[in-house]
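Novice: The structure's right below; bear with me while I get my questions together.
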Amino acid sequence: MLVFTHPDCLGHDPGPDHPESPERLRAVTEALHAAFDDLQWRQAPLAMLGELARVHEREQIDAVLEARFEGHRMLDVDTVMSPGSATAALRAAGAGVAAVDALMLGEDSTAFCAVRPPGHHATGQASMGFCLFNNIAVAAAYACDKYGLERVAIVDFDVHHGNGTQAIFEREPRVQYFSSHESGLYPYSGGVHERGIGNIHNVLLPPGSGGFRFRNTWADQMLPVVDAFKPQLLMVSAGFDAHMRDPQADLMLDTEDFGWITAELRLIAERHAGGRVLSMLEGGYDLQALRECSVAHVDALR
């Protein structure tokens, strides 16, 4: 399988006490290098303005790319830019676009984008929740427009709801969004009544749910709907902050749960999408859990 990353993604430095640190990406890439010797590593390109503009307003793009400052710049109480953040954000979004091309042109069937900053909280108008651009939304919109896809599924198992991804696509019939997330957490969205045009599917899990409830919820409620959609491309917002060691939440999953959901999604992709799965790193803030979960996730995609 393919892994897209770039050293520039380490240049986004929101500060020494911020949970979304460069060490997260180092932990992921070092773990994957140590665990596998057959991955195809590729450099993430810079996203182009037109690729960002499919899902983001020009004012938001300019706010990220044209800012000139020293030290740190606060976009909101959680989202901080450093001088290297704009380039990192372009690499993170560009990784998804390059991965779409590679999968659709038959270079491989699965790809993992080991990039940061994450993306699923960024809306079409605002960067928020540690996210500058919505990386997976940029990739999904590109796949629809460039390759004429009519059925793209985005599955988001990050412990937080991907409010930005939902908002961008809630009126887009070519994209369906599926999310499980812990109730009562930022960004306090993602209720089951939020349905878009029938293409939005949310499940809230209470704190302490653990792997048994997580697996049963996906197996009974969500995976059959993903399967019935028959996606031509399956995309994953792979956040590992639902792990029991993560300091940001209390869903209490273990490493094997992430391997399980990935394997189930891979089966759906093999039935309907020629095996094509594009995964993008989202959250996950305990470094050891990140190492273990990224290895389990990639192992199930190989």
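Chain labels follow the order of the structure tokens: the first chain is A, the next B, and so on; residue numbering restarts at 1 in every chain, and ligands are counted from 1 in their shown order.
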Mind checking which residues fall within 8 Å of A:Gln166, counting only C-alpha atoms, ignoring those fewer than 4 positions away in the same chain, and posting them as JSON, numbers by chain?

Specialist: {"A": [162, 170, 177, 200]}

Novice: Those residues with all heavy atoms, as a PDB file, in the first residue's frame please?

Specialist:
```pdb
ATOM      1  N   GLY A 162     -16.901  15.029  13.087  1.00  0.00           N
ATOM      2  CA  GLY A 162     -16.314  15.819  12.016  1.00  0.00           C
ATOM      3  C   GLY A 162     -17.299  16.837  11.487  1.00  0.00           C
ATOM      4  O   GLY A 162     -17.815  16.717  10.365  1.00  0.00           O
ATOM      5  N   GLU A 170     -23.260  18.246   3.363  1.00  0.00           N
ATOM      6  CA  GLU A 170     -24.624  17.898   3.762  1.00  0.00           C
ATOM      7  C   GLU A 170     -25.671  18.159   2.672  1.00  0.00           C
ATOM      8  O   GLU A 170     -26.800  17.708   2.796  1.00  0.00           O
ATOM      9  CB  GLU A 170     -25.006  18.634   5.042  1.00  0.00           C
ATOM     10  CG  GLU A 170     -25.006  20.141   4.935  1.00  0.00           C
ATOM     11  CD  GLU A 170     -25.245  20.801   6.288  1.00  0.00           C
ATOM     12  OE1 GLU A 170     -25.514  20.075   7.267  1.00  0.00           O
ATOM     13  OE2 GLU A 170     -25.156  22.046   6.355  1.00  0.00           O
ATOM     14  N   TYR A 177     -21.649  10.680   4.502  1.00  0.00           N
ATOM     15  CA  TYR A 177     -20.765  10.825   5.654  1.00  0.00           C
ATOM     16  C   TYR A 177     -21.292   9.976   6.804  1.00  0.00           C
ATOM     17  O   TYR A 177     -22.478  10.059   7.153  1.00  0.00           O
ATOM     18  CB  TYR A 177     -20.678  12.296   6.069  1.00  0.00           C
ATOM     19  CG  TYR A 177     -19.865  12.546   7.311  1.00  0.00           C
ATOM     20  CD1 TYR A 177     -18.478  12.410   7.298  1.00  0.00           C
ATOM     21  CD2 TYR A 177     -20.473  12.921   8.504  1.00  0.00           C
ATOM     22  CE1 TYR A 177     -17.728  12.632   8.439  1.00  0.00           C
ATOM     23  CE2 TYR A 177     -19.733  13.165   9.649  1.00  0.00           C
ATOM     24  CZ  TYR A 177     -18.358  13.016   9.616  1.00  0.00           C
ATOM     25  OH  TYR A 177     -17.617  13.247  10.751  1.00  0.00           O
ATOM     26  N   ILE A 200     -26.212  12.015   5.583  1.00  0.00           N
ATOM     27  CA  ILE A 200     -25.444  12.163   6.814  1.00  0.00           C
ATOM     28  C   ILE A 200     -25.922  11.121   7.815  1.00  0.00           C
ATOM     29  O   ILE A 200     -27.133  10.984   8.058  1.00  0.00           O
ATOM     30  CB  ILE A 200     -25.606  13.576   7.405  1.00  0.00           C
ATOM     31  CG1 ILE A 200     -25.202  14.651   6.379  1.00  0.00           C
ATOM     32  CG2 ILE A 200     -24.812  13.707   8.692  1.00  0.00           C
ATOM     33  CD1 ILE A 200     -23.768  14.592   5.929  1.00  0.00           C
TER      34      ILE A 200
END
```

Novice: Set the distance at 9 Å and use only C-alpha atoms: which residues neighbour A:Ala300 once local chain neighbours fewer than 6 positions away are removed? I'd like the list as number ranges by chain.

Specialist: A: 259-263, 266

Novice: Go through A:Ala92, A:Val64, A:Val277, A:Ala53 and flag the residue nearest A:Phe4, using only C-alpha atoms for the distances.

Specialist: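 Closest candidate: A:Ala92.
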
Novice: Give me, as JSON lines, the closest atom pair and its distance (Å, one decimal) for every residue of stretch 91-192 of chain A within a cut-off of 12 Å of stretch 202-214 of chain A, counting only C-alpha atoms, rows sorted by chain and rising number.

Specialist:
```
{"residue": "A:Ile154", "atom": "CA", "partner": "A:Asn202", "partner_atom": "CA", "distance": 11.8}
{"residue": "A:Val155", "atom": "CA", "partner": "A:Asn202", "partner_atom": "CA", "distance": 10.2}
{"residue": "A:Asp156", "atom": "CA", "partner": "A:Asn202", "partner_atom": "CA", "distance": 9.6}
{"residue": "A:Phe157", "atom": "CA", "partner": "A:Phe214", "partner_atom": "CA", "distance": 9.7}
{"residue": "A:Asp158", "atom": "CA", "partner": "A:Leu204", "partner_atom": "CA", "distance": 11.7}
{"residue": "A:Val159", "atom": "CA", "partner": "A:Leu205", "partner_atom": "CA", "distance": 9.1}
{"residue": "A:His160", "atom": "CA", "partner": "A:Leu204", "partner_atom": "CA", "distance": 9.8}
{"residue": "A:His161", "atom": "CA", "partner": "A:Asn202", "partner_atom": "CA", "distance": 8.5}
{"residue": "A:Gly162", "atom": "CA", "partner": "A:Asn202", "partner_atom": "CA", "distance": 9.9}
{"residue": "A:Asn163", "atom": "CA", "partner": "A:Asn202", "partner_atom": "CA", "distance": 10.6}
{"residue": "A:Gln166", "atom": "CA", "partner": "A:Asn202", "partner_atom": "CA", "distance": 9.7}
{"residue": "A:Gln176", "atom": "CA", "partner": "A:Asn202", "partner_atom": "CA", "distance": 10.9}
{"residue": "A:Tyr177", "atom": "CA", "partner": "A:Asn202", "partner_atom": "CA", "distance": 8.1}
{"residue": "A:Phe178", "atom": "CA", "partner": "A:Asn202", "partner_atom": "CA", "distance": 6.0}
{"residue": "A:Ser179", "atom": "CA", "partner": "A:Asn202", "partner_atom": "CA", "distance": 4.9}
{"residue": "A:Ser180", "atom": "CA", "partner": "A:Val203", "partner_atom": "CA", "distance": 4.8}
{"residue": "A:His181", "atom": "CA", "partner": "A:Leu204", "partner_atom": "CA", "distance": 5.3}
{"residue": "A:Glu182", "atom": "CA", "partner": "A:Leu205", "partner_atom": "CA", "distance": 4.8}
{"residue": "A:Ser183", "atom": "CA", "partner": "A:Leu204", "partner_atom": "CA", "distance": 5.3}
{"residue": "A:Gly184", "atom": "CA", "partner": "A:Pro206", "partner_atom": "CA", "distance": 8.1}
{"residue": "A:Leu185", "atom": "CA", "partner": "A:Pro207", "partner_atom": "CA", "distance": 9.6}
{"residue": "A:Tyr188", "atom": "CA", "partner": "A:Leu204", "partner_atom": "CA", "distance": 10.7}
{"residue": "A:Ser189", "atom": "CA", "partner": "A:Asn202", "partner_atom": "CA", "distance": 9.6}
{"residue": "A:Gly190", "atom": "CA", "partner": "A:Asn202", "partner_atom": "CA", "distance": 5.8}
{"residue": "A:Gly191", "atom": "CA", "partner": "A:Asn202", "partner_atom": "CA", "distance": 6.2}
{"residue": "A:Val192", "atom": "CA", "partner": "A:Asn202", "partner_atom": "CA", "distance": 5.1}
```

Novice: Skipping near chain neighbours, those fewer than 6 positions away, what residues fall within 9 Å of A:His72 using only C-alpha atoms, listed as a CSV table (one decimal) with N, CA and C atoms, in the first residue's frame?

Specialist:
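Dumped everything to out_37.csv:
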```csv
chain,number,residue,atom,x,y,z
A,13,ASP,N,3.7,24.0,14.2
A,13,ASP,CA,4.0,23.9,15.7
A,13,ASP,C,3.2,24.8,16.5
A,14,PRO,N,2.1,24.3,17.0
A,14,PRO,CA,1.1,25.2,17.7
A,14,PRO,C,1.6,25.5,19.2
A,15,GLY,N,2.7,25.0,19.5
A,15,GLY,CA,3.2,25.4,20.9
A,15,GLY,C,3.5,24.2,21.7
A,80,VAL,N,-4.0,27.0,16.5
A,80,VAL,CA,-2.9,27.9,16.6
A,80,VAL,C,-2.0,27.7,15.3
A,81,MET,N,-1.5,28.8,14.7
A,81,MET,CA,-0.6,28.7,13.6
A,81,MET,C,0.8,29.1,14.0
A,82,SER,N,1.8,28.5,13.4
A,82,SER,CA,3.2,28.9,13.5
A,82,SER,C,3.6,29.3,12.1
A,83,PRO,N,4.8,29.8,11.9
A,83,PRO,CA,5.2,30.2,10.5
A,83,PRO,C,5.3,29.0,9.5
```

Novice: So that I can check the surroundings of stretch 111-120 of chain A, please list as a PyMOL selection string every protein, DNA and RNA residue that reaches within 7 Å of it, counting only C-alpha atoms and ignoring chain neighbours fewer than 4 positions away.

Specialist: chain A and resi 1-5+9+25+88-89+92+95-96+99+130-136+162-165+277-283
